[in-house]
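Structure first, then comments.
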Amino acid sequence: MNSLKSMVKMEDEVGVIMSIYAKNILSVIDENNNSSIPKINLFYIHRVQEAFNALNEEERELINNDFLDADSPHWWEPFYTNEQYLKLRYSSVSSFLMHFYD
């Protein structure tokens with residue numbers, strides 16, 4: 001049971017990180033004509049992109065589809081069994097957080 005609680009907490013954390021990332025990307029795009037883009041935005045964007053790029057292709061796809069582009073919640077069904085998807089999700093979330101906080 002602790003493992004499940006831990007996983008939910010990690011998934012929530014990735015959700016928050018990606019939400020902030022998306023807002024920062026939009027603020028940078030809005031301020032694109034302004035040369036004084038806040039450094040915190042650029043630092044945060046860089047950290048997320050570094051963590052994202054450190055993942056393998058399957059992990060990147062999962063993080064992108066589950067946390068950034070969540071328009072199709074069952075995108076994985078043609079590719080993975082439920083068990084495979086859950087294992088990949090756990091691995092992807094863990095790896096992303098490890099790289100983000102590294």
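Residue names in the structure tokens use chain letters A, B, ... in the order shown, residue numbers from 1 in each chain, and ligand numbers from 1 in the order shown.
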
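Excluding Tyr101 of chain A itself and any same-chain residue fewer than 4 positions from it, the protein and nucleic acid residues within 12 Å of it, counting only C-alpha atoms, are Glu13, Val14, Ile17, Tyr44, Arg47, Val48, Glu50, Ala51, Phe52, Ser94, Ser95, Phe96 and Leu97 of chain A.
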
Write out, as a PDB file, in the first residue's frame, the residues just selected, with C-alpha atoms.
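Dumped everything to again17.pdb:
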ATOM      1  CA  GLU A  13       4.580  15.833  -8.494  1.00  0.00           C
ATOM      2  CA  VAL A  14       5.263  15.241 -12.199  1.00  0.00           C
ATOM      3  CA  ILE A  17       6.115  20.158 -12.630  1.00  0.00           C
ATOM      4  CA  TYR A  44      12.917  25.959 -15.035  1.00  0.00           C
ATOM      5  CA  ARG A  47      15.648  21.735 -16.048  1.00  0.00           C
ATOM      6  CA  VAL A  48      12.479  20.117 -17.389  1.00  0.00           C
ATOM      7  CA  GLU A  50      17.118  18.197 -19.521  1.00  0.00           C
ATOM      8  CA  ALA A  51      15.123  15.671 -17.484  1.00  0.00           C
ATOM      9  CA  PHE A  52      12.845  14.968 -20.443  1.00  0.00           C
ATOM     10  CA  SER A  94      10.611   7.743 -11.403  1.00  0.00           C
ATOM     11  CA  SER A  95      13.236   8.453 -14.068  1.00  0.00           C
ATOM     12  CA  PHE A  96      11.863  11.889 -14.845  1.00  0.00           C
ATOM     13  CA  LEU A  97      11.913  12.952 -11.195  1.00  0.00           C
TER      14      LEU A  97
END

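Closest approach to Phe79 of chain A from the set A:Met98, A:Leu62, A:Val93, A:Val16 is made by A:Leu62, with distances taken over only C-alpha atoms.
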
Original post:
Interatomic distance between atom CA of Phe67 of chain A and atom CA of Leu4 of chain A?
Top reply: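 About the pair atom CA of Phe67 of chain A and atom CA of Leu4 of chain A: they are 18.6 Å apart.
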
Original post:
Mind pulling up the distance from atom CA of Glu83 of chain A to atom CA of Tyr21 of chain A?
Top reply: 28.9 Å

Original post:
Of the candidates A:Ser72, A:Leu86, A:Ile20, A:His99, which shows the shortest atom-to-atom distance to Val8 of chain A, using only C-alpha atoms?
Top reply: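 Of all the options, A:Leu86 lies closest to Val8 of chain A.
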
Subject >> Minimum-distance residue to Glu59 of chain A, chosen among A:Ser19, A:Ser92, A:Asn24, A:Ser6 (using only C-alpha atoms) >> reply: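 Going through A:Ser19, A:Ser92, A:Asn24, A:Ser6 one by one, the smallest distance to Glu59 of chain A is for A:Ser92.
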
Subject >> Among listed residues A:Glu58, A:Asp66, A:Glu77, A:Asp71, nearest Glu11 of chain A (using only C-alpha atoms) >> reply: A:Asp66
